[in-house]
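Novice: Input structure: data38.cif, which contains mmCIF, C-alpha atoms.
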data_start
#
loop_
_atom_site.label_atom_id
_atom_site.label_comp_id
_atom_site.auth_asym_id
_atom_site.auth_seq_id
_atom_site.Cartn_x
_atom_site.Cartn_y
_atom_site.Cartn_z
CA MET A 1 25.31 7.47 49.47
CA ALA A 2 25.26 4.42 47.30
CA SER A 3 27.77 1.75 48.18
CA LEU A 4 30.57 0.81 45.83
CA ASP A 5 28.85 -2.40 44.89
CA ASP A 6 25.64 -0.60 43.96
CA LEU A 7 27.52 1.84 41.76
CA LYS A 8 29.33 -0.97 40.03
CA LYS A 9 26.04 -2.70 39.29
CA ARG A 10 24.54 0.46 37.88
CA ILE A 11 27.49 1.05 35.61
CA VAL A 12 27.20 -2.46 34.26
CA SER A 13 23.47 -2.10 33.66
CA VAL A 14 23.80 1.25 31.90
CA LYS A 15 26.53 -0.22 29.74
CA SER A 16 24.35 -3.11 28.65
CA THR A 17 21.49 -0.70 27.87
CA GLN A 18 23.92 1.23 25.76
CA LYS A 19 24.81 -1.92 23.88
CA ILE A 20 21.15 -2.50 23.09
CA THR A 21 20.49 1.04 21.90
CA LYS A 22 23.61 0.93 19.79
CA ALA A 23 22.48 -2.29 18.15
CA MET A 24 19.02 -0.84 17.55
CA LYS A 25 20.57 2.19 15.94
CA MET A 26 22.57 0.01 13.57
CA VAL A 27 19.53 -2.02 12.65
CA ALA A 28 17.47 1.11 12.09
CA ALA A 29 20.20 2.57 9.91
CA ALA A 30 20.23 -0.51 7.72
CA LYS A 31 16.45 -0.60 7.49
CA LEU A 32 16.29 3.11 6.87
CA LYS A 33 18.36 2.76 3.76
CA ARG A 34 15.97 0.22 2.32
CA ALA A 35 12.86 2.11 3.40
CA GLN A 36 14.19 5.32 1.95
CA GLU A 37 14.92 3.63 -1.35
CA ASN A 38 11.43 2.18 -1.40
CA ALA A 39 9.88 5.53 -0.65
CA GLU A 40 11.81 7.11 -3.47
CA LYS A 41 10.98 4.33 -5.89
CA GLY A 42 7.32 4.60 -4.98
CA ARG A 43 7.10 8.28 -5.68
CA PRO A 44 6.87 8.18 -9.50
CA TYR A 45 3.79 5.98 -9.35
CA SER A 46 1.80 8.19 -7.04
CA GLU A 47 2.93 11.33 -8.82
CA LYS A 48 1.99 10.01 -12.24
CA MET A 49 -1.32 8.81 -10.90
CA ASN A 50 -2.00 12.22 -9.44
CA ASN A 51 -1.10 13.95 -12.69
CA ILE A 52 -3.36 11.76 -14.74
CA ILE A 53 -6.23 12.34 -12.36
CA LEU A 54 -5.70 16.08 -12.43
CA ASN A 55 -5.69 16.03 -16.21
CA LEU A 56 -8.85 13.99 -16.18
CA ALA A 57 -10.55 16.17 -13.62
CA ASP A 58 -9.76 19.18 -15.77
CA GLY A 59 -11.13 17.56 -18.86
CA ILE A 60 -14.35 16.45 -17.30
CA SER A 61 -17.23 18.21 -18.94
CA ASP A 62 -20.09 17.66 -16.56
CA LYS A 63 -18.84 18.95 -13.25
CA GLU A 64 -22.04 18.31 -11.38
CA ASN A 65 -22.18 14.66 -12.19
CA ALA A 66 -18.54 14.11 -11.43
CA PRO A 67 -17.83 10.95 -9.45
CA LYS A 68 -18.48 11.40 -5.77
CA LEU A 69 -15.01 10.27 -4.80
CA LEU A 70 -13.66 13.28 -6.66
CA ALA A 71 -16.16 15.95 -5.82
CA GLY A 72 -17.48 14.68 -2.50
CA ASN A 73 -21.12 14.15 -1.76
CA GLY A 74 -21.74 17.80 -1.06
CA GLN A 75 -21.81 17.39 2.68
CA ASP A 76 -19.34 18.12 5.39
CA LYS A 77 -20.81 16.53 8.47
CA ILE A 78 -18.93 13.35 9.18
CA HIS A 79 -15.16 13.36 9.11
CA LEU A 80 -13.18 10.17 8.83
CA CYS A 81 -9.57 10.36 9.91
CA VAL A 82 -7.09 7.65 9.05
CA VAL A 83 -4.13 7.84 11.38
CA LEU A 84 -1.10 5.93 10.16
CA THR A 85 1.44 5.08 12.83
CA SER A 86 4.03 2.41 13.47
CA ASP A 87 3.59 -0.94 15.17
CA ARG A 88 6.71 -0.63 17.26
CA GLY A 89 7.79 1.87 19.82
CA LEU A 90 11.19 3.28 20.71
CA CYS A 91 11.30 5.63 17.79
CA GLY A 92 11.44 9.02 19.45
CA GLY A 93 8.71 11.48 18.72
CA PHE A 94 7.57 9.69 15.58
CA ASN A 95 4.17 8.50 16.77
CA SER A 96 3.49 11.35 19.15
CA ASN A 97 4.05 13.86 16.36
CA ILE A 98 1.39 12.27 14.19
CA ILE A 99 -0.96 11.95 17.12
CA LYS A 100 -0.44 15.57 18.10
CA LYS A 101 -1.22 16.72 14.60
CA ALA A 102 -4.27 14.48 14.45
CA LYS A 103 -5.52 15.63 17.84
CA THR A 104 -5.48 19.27 16.77
CA TYR A 105 -7.55 18.31 13.77
CA PHE A 106 -9.92 16.24 15.91
CA GLY A 107 -10.37 19.20 18.23
CA LYS A 108 -11.22 21.43 15.29
CA VAL A 109 -13.73 18.95 13.86
CA LEU A 110 -15.42 18.33 17.19
CA GLY A 111 -15.41 22.05 17.97
CA GLU A 112 -17.44 22.67 14.84
CA GLY A 113 -20.00 20.19 16.04
CA LYS A 114 -19.26 17.59 13.38
CA THR A 115 -19.08 13.86 13.81
CA LEU A 116 -15.69 12.28 14.01
CA LYS A 117 -14.70 8.75 13.06
CA ILE A 118 -11.22 7.36 13.36
CA ILE A 119 -9.43 4.48 11.73
CA THR A 120 -6.04 3.70 13.18
CA VAL A 121 -3.42 1.89 11.17
CA GLY A 122 -0.59 0.60 13.32
CA SER A 123 -0.97 -0.42 16.94
CA LYS A 124 0.91 2.49 18.50
CA GLY A 125 -1.58 5.02 17.25
CA TYR A 126 -4.42 2.99 18.68
CA ASP A 127 -2.69 2.75 22.04
CA GLN A 128 -2.31 6.50 22.23
CA LEU A 129 -5.79 7.39 21.01
CA LYS A 130 -7.91 4.80 22.77
CA ARG A 131 -7.90 6.65 26.07
CA LEU A 132 -9.41 9.85 24.76
CA TYR A 133 -11.26 8.78 21.66
CA SER A 134 -12.14 5.13 22.18
CA ASP A 135 -15.79 5.71 21.22
CA LYS A 136 -14.74 7.39 17.97
CA ILE A 137 -12.46 4.66 16.70
CA VAL A 138 -14.41 2.61 14.19
CA GLU A 139 -11.62 0.34 13.07
CA LYS A 140 -8.09 -0.55 14.02
CA ILE A 141 -5.79 -2.13 11.55
CA SER A 142 -2.34 -3.45 12.16
CA PHE A 143 0.17 -4.96 9.78
CA LYS A 144 2.50 -6.44 12.32
CA GLU A 145 3.11 -9.52 10.22
CA SER A 146 4.24 -7.81 7.06
CA LYS A 147 7.86 -6.80 7.17
CA ASN A 148 7.82 -3.95 4.72
CA ALA A 149 5.08 -1.65 3.61
CA ASN A 150 3.48 -3.38 0.66
CA TYR A 151 0.77 -2.49 -1.76
CA PHE A 152 -1.63 -5.23 -0.77
CA ASP A 153 -1.88 -3.87 2.73
CA ALA A 154 -2.54 -0.40 1.38
CA GLU A 155 -5.21 -1.81 -0.89
CA LYS A 156 -6.94 -3.40 2.09
CA VAL A 157 -7.13 -0.07 3.87
CA GLY A 158 -8.26 1.61 0.67
CA LYS A 159 -11.07 -0.89 0.23
CA ILE A 160 -12.32 -0.33 3.76
CA ILE A 161 -12.39 3.41 3.18
CA ILE A 162 -14.15 3.20 -0.16
CA GLU A 163 -16.73 0.74 1.07
CA SER A 164 -17.68 2.87 4.00
CA PHE A 165 -17.78 5.94 1.76
CA LEU A 166 -20.20 4.20 -0.57
CA LYS A 167 -22.32 3.29 2.42
CA LYS A 168 -22.37 7.03 3.19
CA GLU A 169 -20.72 6.53 6.54
CA PHE A 170 -18.61 9.66 6.16
CA ASP A 171 -18.29 12.75 3.99
CA VAL A 172 -14.68 13.82 4.24
CA CYS A 173 -11.63 11.63 4.63
CA THR A 174 -8.23 12.78 5.80
CA ILE A 175 -5.08 10.75 6.33
CA PHE A 176 -2.30 11.51 8.79
CA TYR A 177 1.27 10.35 8.35
CA ASN A 178 4.85 11.49 8.63
CA LYS A 179 6.57 12.71 5.52
CA PHE A 180 10.21 11.75 5.37
CA LYS A 181 12.44 14.73 4.82
CA ASN A 182 15.70 13.52 6.24
CA VAL A 183 16.95 11.44 9.14
CA ILE A 184 16.45 14.22 11.65
CA THR A 185 13.30 15.83 10.32
CA GLN A 186 10.02 14.14 9.63
CA ILE A 187 7.08 16.36 8.99
CA PRO A 188 3.64 15.23 10.18
CA GLN A 189 1.19 15.65 7.34
CA GLU A 190 -2.53 15.78 6.96
CA GLN A 191 -3.87 15.04 3.51
CA GLN A 192 -7.45 15.08 2.44
CA ILE A 193 -8.19 12.25 0.02
CA ILE A 194 -11.98 12.36 -0.24
CA PRO A 195 -13.09 14.62 -1.82
CA LEU A 196 -9.87 15.00 -3.73
CA LYS A 197 -8.26 18.38 -3.40
CA SER A 198 -6.73 19.51 -6.65
CA SER A 199 -4.10 21.54 -4.88
CA GLU A 200 -0.36 22.03 -5.31
CA SER A 201 0.89 20.99 -8.72
CA GLU A 202 -0.80 23.66 -10.74
CA GLY A 203 1.94 23.87 -13.29
CA SER A 204 1.21 20.42 -14.66
CA THR A 205 -2.38 21.11 -15.63
CA SER A 206 -1.51 21.54 -19.25
CA GLU A 207 -3.83 22.35 -22.07
CA ASP A 208 -3.31 19.01 -23.69
CA ASN A 209 -6.16 17.52 -25.54
CA TYR A 210 -6.26 13.96 -24.52
CA GLU A 211 -8.13 11.28 -26.23
CA PHE A 212 -10.00 9.16 -23.76
CA GLU A 213 -10.98 5.60 -24.19
CA PRO A 214 -13.51 4.90 -22.78
CA GLU A 215 -15.14 8.14 -21.65
CA GLU A 216 -13.62 10.38 -18.98
CA ASP A 217 -16.20 9.57 -16.35
CA GLU A 218 -15.70 5.89 -16.73
CA ILE A 219 -11.95 6.15 -16.49
CA LEU A 220 -12.26 8.41 -13.49
CA SER A 221 -14.60 6.15 -11.62
CA ASN A 222 -12.15 3.33 -12.23
CA LEU A 223 -9.13 5.34 -11.32
CA LEU A 224 -10.25 7.10 -8.17
CA PRO A 225 -10.48 4.03 -5.96
CA LYS A 226 -7.03 3.06 -7.12
CA ASN A 227 -5.76 6.50 -6.35
CA ILE A 228 -6.92 6.19 -2.77
CA SER A 229 -4.98 2.98 -2.28
CA THR A 230 -2.02 4.61 -3.98
CA GLN A 231 -2.10 7.62 -1.69
CA ILE A 232 -2.30 5.36 1.33
CA PHE A 233 0.55 3.29 0.02
CA LYS A 234 2.60 6.41 -0.45
CA ALA A 235 1.81 7.45 3.10
CA MET A 236 2.85 4.02 4.34
CA LEU A 237 6.15 4.18 2.49
CA GLU A 238 6.90 7.65 3.78
CA ASN A 239 5.90 6.51 7.22
CA SER A 240 8.19 3.51 7.26
CA ALA A 241 11.14 5.60 6.14
CA SER A 242 10.30 8.19 8.76
CA GLU A 243 9.92 5.57 11.46
CA GLN A 244 13.38 4.15 10.83
CA GLY A 245 14.91 7.60 10.60
CA SER A 246 13.28 8.70 13.77
CA ARG A 247 14.31 5.52 15.56
CA MET A 248 17.85 5.91 14.35
CA SER A 249 18.27 9.40 15.73
CA ALA A 250 16.43 8.51 18.94
CA MET A 251 18.70 5.53 19.50
CA ASP A 252 21.74 7.59 18.64
CA ASN A 253 20.75 10.04 21.34
CA ALA A 254 20.09 7.24 23.79
CA THR A 255 23.51 5.74 23.12
CA ARG A 256 25.16 9.09 23.71
CA ASN A 257 23.19 9.71 26.89
CA ALA A 258 24.14 6.28 28.17
CA GLY A 259 27.78 7.12 27.48
CA ASP A 260 27.49 10.33 29.49
CA MET A 261 25.87 8.47 32.31
CA VAL A 262 28.55 5.80 32.41
CA GLU A 263 31.16 8.52 32.58
CA LYS A 264 29.44 10.27 35.49
CA LEU A 265 28.89 7.05 37.36
CA THR A 266 32.51 6.01 36.87
CA ILE A 267 33.74 9.30 38.32
CA GLN A 268 31.42 8.87 41.27
CA TYR A 269 32.60 5.29 41.72
CA ASN A 270 36.24 6.28 41.68
CA ARG A 271 35.68 9.13 44.11
CA SER A 272 33.91 7.00 46.65
CA ARG A 273 36.52 4.30 46.28
CA GLN A 274 39.22 6.84 46.99
CA ALA A 275 37.26 8.28 49.90
CA ALA A 276 37.00 4.83 51.41
CA ILE A 277 40.74 4.29 51.07
CA THR A 278 41.51 7.68 52.60
CA LYS A 279 39.17 6.93 55.48
CA GLU A 280 40.86 3.64 56.15
CA LEU A 281 44.29 5.25 56.04
CA ILE A 282 43.25 7.92 58.51
CA GLU A 283 41.92 5.27 60.83
CA ILE A 284 45.17 3.32 60.68
CA ILE A 285 47.35 6.39 61.17
CA SER A 286 45.33 7.80 64.04
CA GLY A 287 45.27 4.33 65.59
CA ALA A 288 49.06 4.14 65.38
CA GLU A 289 49.49 7.64 66.82
CA SER A 290 47.39 6.95 69.84
CA LEU A 291 49.66 4.15 70.91
CA MET B 1 14.07 10.00 -38.51
CA SER B 2 13.98 7.49 -35.80
CA GLU B 3 10.78 5.73 -35.05
CA GLU B 4 11.55 5.15 -31.43
CA PHE B 5 9.82 6.39 -28.34
CA LYS B 6 10.01 6.01 -24.61
CA VAL B 7 8.17 3.52 -22.46
CA GLU B 8 8.00 3.50 -18.72
CA ILE B 9 6.20 0.89 -16.67
CA VAL B 10 5.74 1.76 -13.01
CA ASN B 11 4.24 -0.31 -10.28
CA PRO B 12 3.62 0.99 -6.79
CA GLU B 13 6.82 -0.42 -5.40
CA LYS B 14 9.25 0.64 -8.08
CA SER B 15 9.85 1.61 -11.64
CA PHE B 16 9.44 -1.74 -13.33
CA LEU B 17 10.86 -0.97 -16.73
CA SER B 18 12.11 2.07 -18.55
CA LYS B 19 13.32 2.01 -22.11
CA GLU B 20 13.90 4.57 -24.80
CA ASP B 21 14.30 2.48 -27.94
CA ILE B 22 10.79 1.17 -28.39
CA THR B 23 9.22 0.99 -31.81
CA GLU B 24 5.81 -0.38 -31.02
CA VAL B 25 3.71 -1.31 -28.02
CA VAL B 26 0.54 -3.34 -28.04
CA ILE B 27 -1.62 -2.96 -24.97
CA PRO B 28 -4.80 -4.73 -23.92
CA ALA B 29 -6.88 -1.57 -23.58
CA PHE B 30 -10.32 -1.74 -22.10
CA GLU B 31 -12.08 -1.59 -25.43
CA GLY B 32 -9.76 -3.90 -27.28
CA GLU B 33 -6.13 -4.30 -28.15
CA MET B 34 -4.40 -1.11 -29.09
CA GLY B 35 -1.13 -0.65 -30.91
CA ILE B 36 0.85 2.46 -30.21
CA LEU B 37 3.50 3.84 -32.53
CA LYS B 38 5.50 7.02 -32.41
CA ASN B 39 3.58 10.30 -32.58
CA HIS B 40 0.38 8.76 -31.40
CA ILE B 41 -2.15 11.31 -30.17
CA SER B 42 -2.17 11.94 -26.41
CA ILE B 43 -4.34 9.32 -24.87
CA ILE B 44 -5.44 8.03 -21.51
CA SER B 45 -6.96 4.62 -21.20
CA PHE B 46 -7.04 1.74 -18.83
CA LEU B 47 -6.18 -1.88 -19.15
CA LYS B 48 -7.99 -5.12 -18.79
CA PRO B 49 -6.18 -8.37 -17.99
CA GLY B 50 -4.00 -9.28 -20.93
CA ILE B 51 -0.58 -9.27 -22.51
CA ILE B 52 1.48 -6.19 -23.17
CA LYS B 53 3.84 -6.61 -26.09
CA ILE B 54 6.78 -4.28 -26.35
CA PHE B 55 8.80 -4.21 -29.55
CA SER B 56 12.21 -2.67 -29.89
CA LYS B 57 14.39 -2.96 -32.96
CA ASN B 58 15.39 -6.55 -32.62
CA LYS B 59 13.59 -7.72 -29.57
CA GLU B 60 10.12 -8.47 -28.42
CA GLU B 61 9.08 -8.60 -24.79
CA LYS B 62 5.83 -9.77 -23.34
CA PHE B 63 4.27 -8.98 -20.00
CA TYR B 64 1.12 -10.13 -18.31
CA VAL B 65 -0.89 -7.37 -16.59
CA GLU B 66 -4.02 -7.53 -14.54
CA ASP B 67 -5.07 -3.91 -14.56
CA GLY B 68 -3.59 -0.50 -14.98
CA ILE B 69 -3.71 2.90 -16.58
CA VAL B 70 -1.98 4.01 -19.72
CA GLU B 71 -0.99 7.53 -20.55
CA PHE B 72 0.69 8.52 -23.79
CA LYS B 73 1.96 12.04 -24.11
CA ASP B 74 4.84 13.70 -25.99
CA ASN B 75 6.12 10.38 -27.26
CA SER B 76 6.42 8.87 -23.87
CA LEU B 77 4.18 6.06 -22.76
CA SER B 78 3.55 5.53 -19.06
CA ILE B 79 1.89 2.40 -17.85
CA LEU B 80 0.80 2.34 -14.23
CA THR B 81 -0.09 -1.07 -12.96
CA SER B 82 -0.28 -2.85 -9.67
CA SER B 83 0.39 -6.33 -10.97
CA ILE B 84 2.73 -7.10 -13.83
CA PHE B 85 4.88 -10.11 -14.65
CA SER B 86 7.31 -10.81 -17.38
CA LEU B 87 6.11 -13.79 -19.37
CA ASP B 88 9.56 -15.36 -19.37
CA LYS B 89 9.72 -15.39 -15.62
CA ILE B 90 6.14 -16.12 -14.74
CA ASP B 91 5.55 -18.83 -12.18
CA LYS B 92 3.28 -21.65 -13.35
CA ASN B 93 2.04 -22.30 -9.84
CA TYR B 94 1.06 -18.70 -9.48
CA VAL B 95 -0.83 -18.84 -12.77
CA ASN B 96 -2.72 -21.93 -11.73
CA GLU B 97 -3.53 -20.43 -8.40
CA SER B 98 -4.87 -17.23 -9.95
CA ILE B 99 -7.00 -19.23 -12.37
CA GLN B 100 -8.51 -21.12 -9.48
CA ASN B 101 -9.16 -17.97 -7.50
CA ALA B 102 -10.71 -16.27 -10.49
CA GLU B 103 -12.94 -19.22 -11.21
CA LYS B 104 -14.08 -19.28 -7.63
CA GLU B 105 -14.96 -15.62 -7.85
CA LEU B 106 -16.76 -16.18 -11.10
CA SER B 107 -19.00 -18.80 -9.55
CA ASP B 108 -20.40 -16.16 -7.23
CA GLU B 109 -23.76 -15.11 -8.61
CA ASN B 110 -23.85 -11.62 -7.23
CA ILE B 111 -21.10 -9.93 -9.17
CA GLU B 112 -21.60 -7.19 -11.69
CA ASP B 113 -21.45 -7.91 -15.39
CA GLN B 114 -18.40 -5.76 -15.90
CA ARG B 115 -16.53 -7.57 -13.17
CA ARG B 116 -17.61 -10.90 -14.61
CA PHE B 117 -16.30 -9.86 -17.99
CA LEU B 118 -12.95 -8.84 -16.55
CA ILE B 119 -12.58 -12.07 -14.64
CA SER B 120 -13.39 -14.27 -17.59
CA GLN B 121 -10.89 -12.26 -19.63
CA LYS B 122 -8.32 -12.93 -16.98
CA ILE B 123 -8.99 -16.65 -16.99
CA ASP B 124 -8.71 -16.82 -20.76
CA VAL B 125 -5.41 -15.00 -20.82
CA LEU B 126 -3.95 -17.02 -17.99
CA LYS B 127 -4.98 -20.26 -19.63
CA SER B 128 -3.40 -19.23 -22.90
CA ILE B 129 -0.20 -18.50 -21.02
CA ASN B 130 -0.24 -21.90 -19.44
CA SER B 131 -0.83 -23.76 -22.66
CA ASN B 132 2.26 -22.22 -24.23
#
Translate this structure into structure tokens?

Specialist:
Amino acid sequence: MASLDDLKKRIVSVKSTQKITKAMKMVAAAKLKRAQENAEKGRPYSEKMNNIILNLADGISDKENAPKLLAGNGQDKIHLCVVLTSDRGLCGGFNSNIIKKAKTYFGKVLGEGKTLKIITVGSKGYDQLKRLYSDKIVEKISFKESKNANYFDAEKVGKIIIESFLKKEFDVCTIFYNKFKNVITQIPQEQQIIPLKSSESEGSTSEDNYEFEPEEDEILSNLLPKNISTQIFKAMLENSASEQGSRMSAMDNATRNAGDMVEKLTIQYNRSRQAAITKELIEIISGAESL
Amino acid sequence: MSEEFKVEIVNPEKSFLSKEDITEVVIPAFEGEMGILKNHISIISFLKPGIIKIFSKNKEEKFYVEDGIVEFKDNSLSILTSSIFSLDKIDKNYVNESIQNAEKELSDENIEDQRRFLISQKIDVLKSINSN
């Protein structure tokens, strides 16, 4: 059994861990508020962009000559996966959830005998994937220096993707990120961005007759690269809100667990202290009796 | 009947401006400046570097944009742009810096004509801002 001194030391160390987790929780809570606001403010842009593109895609007359970014290049051989994760750890299942989702997709792609390429954004994703897929990772990007998700970073990623698409280095591009639902739930998402899937918002495809200036194709070919950066930016915003939320609940749990542990250790400490006293008393009494 | 319509300018980070009492907007559309009044036909266009002028009843606001998309529908004008600055608040140093960067890019021989056109547009506009 551990000596009294050892127990005392453990209690102190658990208590100081608890202090750290508590502080991290507070920080995450404050950051979460900002990240959540940003994510909400960023939504109108990506939604509007999506709507306009859907309208345009509907109005396009010559479907066969549609821009490749919209329709794909007709092949389905090389898959590029962009996995967006955080740069910092200690945020519960945040990164592992994305990785799990991505790994299932990787398994599917590889099972069909297709080529897989991976771009990781954020160092944690790279750390988790490099063991199994190090030969598949073509690029790793990390934005450790930038404090908040910002559009310029997203544009950088977008440019890399578009350039390699134009070089015909892949056929299909999918991004993985966590969608922020609330503090407790973040849903890992996979979203195909090249070719663009005109899914979901069917109600908005109205019969409006738009006037286009210049022609549809030209607008589209200008818009689509922007849309990719926008989608990535959206994913980054959602991700940063999710990361803080996930960290907050993880740290909340850790604080509570530390509290439980301190309680248990204190009881143990008190018991063994009492046992020691009782033992000493018995020794004294039996010593006195034997006289 | 009122002659006012709604304008919303969004950039990726937030909703930049949203107003409902706008009488006229002039935008630097790709094929030339375009004025938009109420009941304009639905239109989608994109922007080249230039000045957006927004008129309400007794006020006029000016913004510098680098690129963007414009959608007008049901008397509401949405402008999506990644870089926009109010002319009143624009930073002279930033303007000078952008002019320098743009000129550097322009000196590169291997750029497409369209890109070259956009950059020289940008330089012109920025210079005109500076001279004011």

Novice: Might you spell out which residues the PyMOL selection byres ((chain A) within 9 of (chain B)) would select in the displayed file, as a compact mmCIF listing (two decimals) with C-alpha atoms, in the coordinates of the input?

Specialist:
# COMPACT_ATOMS: atom_id res chain seq x y z
CA ASN A 38 11.43 2.18 -1.40
CA ALA A 39 9.88 5.53 -0.65
CA GLU A 40 11.81 7.11 -3.47
CA LYS A 41 10.98 4.33 -5.89
CA GLY A 42 7.32 4.60 -4.98
CA ARG A 43 7.10 8.28 -5.68
CA PRO A 44 6.87 8.18 -9.50
CA TYR A 45 3.79 5.98 -9.35
CA SER A 46 1.80 8.19 -7.04
CA LYS A 48 1.99 10.01 -12.24
CA MET A 49 -1.32 8.81 -10.90
CA ILE A 52 -3.36 11.76 -14.74
CA LEU A 56 -8.85 13.99 -16.18
CA ASN A 150 3.48 -3.38 0.66
CA TYR A 151 0.77 -2.49 -1.76
CA ASP A 208 -3.31 19.01 -23.69
CA ASN A 209 -6.16 17.52 -25.54
CA TYR A 210 -6.26 13.96 -24.52
CA GLU A 211 -8.13 11.28 -26.23
CA PHE A 212 -10.00 9.16 -23.76
CA GLU A 213 -10.98 5.60 -24.19
CA PRO A 214 -13.51 4.90 -22.78
CA GLU A 215 -15.14 8.14 -21.65
CA GLU A 216 -13.62 10.38 -18.98
CA ILE A 219 -11.95 6.15 -16.49
CA ASN A 222 -12.15 3.33 -12.23
CA LEU A 223 -9.13 5.34 -11.32
CA THR A 230 -2.02 4.61 -3.98
CA PHE A 233 0.55 3.29 0.02
CA LYS A 234 2.60 6.41 -0.45

Novice: Please evaluate the PyMOL selection byres ((chain A and resi 154) around 6) against the displayed coordinates and give the resulting residues as a PyMOL selection string.

Specialist: chain A and resi 151-153+155-157+229+232-233

Novice: Scan for residues within 7 Å of the point (14.0, 6.2, -28.1) in the coordinates of the file, using only C-alpha atoms, and reply as a PyMOL selection string.

Specialist: chain B and resi 4-6+20-22

Novice: Need the shell around A:Val27: protein/DNA/RNA residues with any atom at most 12 Å away, counting only C-alpha atoms. Skip same-chain ones fewer than 4 positions apart. Format as a PyMOL selection string?

Specialist: chain A and resi 20-23+31-34+244-245+247-249+251-252

Novice: Give me, please, the distance in Å between atom CA of A:Ile98 and atom CA of A:Asp127, quoted to one decimal.

Specialist: 13.0 Å

Novice: Starting from the point (-25.4, 11.8, 0.8), work out which residues of protein, DNA or RNA have an atom no more than 7 Å away when counting only C-alpha atoms; state them as a PDB file with C-alpha atoms, in the frame of the given file.

Specialist:
ATOM      1  CA  ASN A  73     -21.120  14.150  -1.760  1.00  0.00           C
ATOM      2  CA  GLN A  75     -21.810  17.390   2.680  1.00  0.00           C
ATOM      3  CA  LYS A 168     -22.370   7.030   3.190  1.00  0.00           C
TER       4      LYS A 168
END

Novice: Please enclose the listed atoms of stretch 243-262 of chain A in an axis-aligned box, pad each side by 5 Å, and write out the centre and the three edge lengths in Å, rounded to one decimal, as JSON.

Specialist:
{"center_x": 19.2, "center_y": 7.2, "center_z": 21.5, "size_x": 28.6, "size_y": 16.2, "size_z": 31.8}

Novice: Translate the PyMOL selection byres ((chain A and resi 139-147) around 8), as applied to the file shown, into an explicit residue set as a ChimeraX atom specification.

Specialist: /A:87,118-123,126,137-138,148-150,153

Novice: Can you pull out every residue within 12 Å of A:Asn270, counting all atoms listed in the file, but drop anything in the same chain fewer than 3 positions away, and send it as a ChimeraX atom specification?

Specialist: /A:3-5,7-8,11,263-267,273-277

Novice: Using all atoms listed in the file, which residue out of B:Lys122, B:Ser2, B:Glu8, B:Asp88 lies closest to B:Pro28?

Specialist: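 Selected residue with least distance to B:Pro28: B:Lys122.
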
Novice: State, in Å with one decimal place, the distance from atom CA of A:Asn50 to atom CA of B:Pro49.

Specialist: 22.7 Å

Novice: For stretch 119-121 of chain B, work out the shell of residues within 12 Å, counting only C-alpha atoms and skipping chain neighbours fewer than 4 positions away, then give it as a VMD selection string.

Specialist: chain B and resid 28 30 32 47 to 51 65 to 67 98 to 108 111 to 115 125 to 128

Novice: Between atom CA of A:Thr174 and atom CA of A:His79, what is the distance in Å, rounded to a tenth?

Specialist: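 Result for atom CA of A:Thr174 versus atom CA of A:His79: 7.7 Å, one decimal.
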
Novice: From the set B:Val25, B:Asn130, B:Gly35, B:Ile54, which residue has the shortest atom-to-atom contact distance to B:Asn93, counting all atoms listed in the file?

Specialist: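 Looking at the shortest contact to B:Asn93, the residue is B:Asn130.
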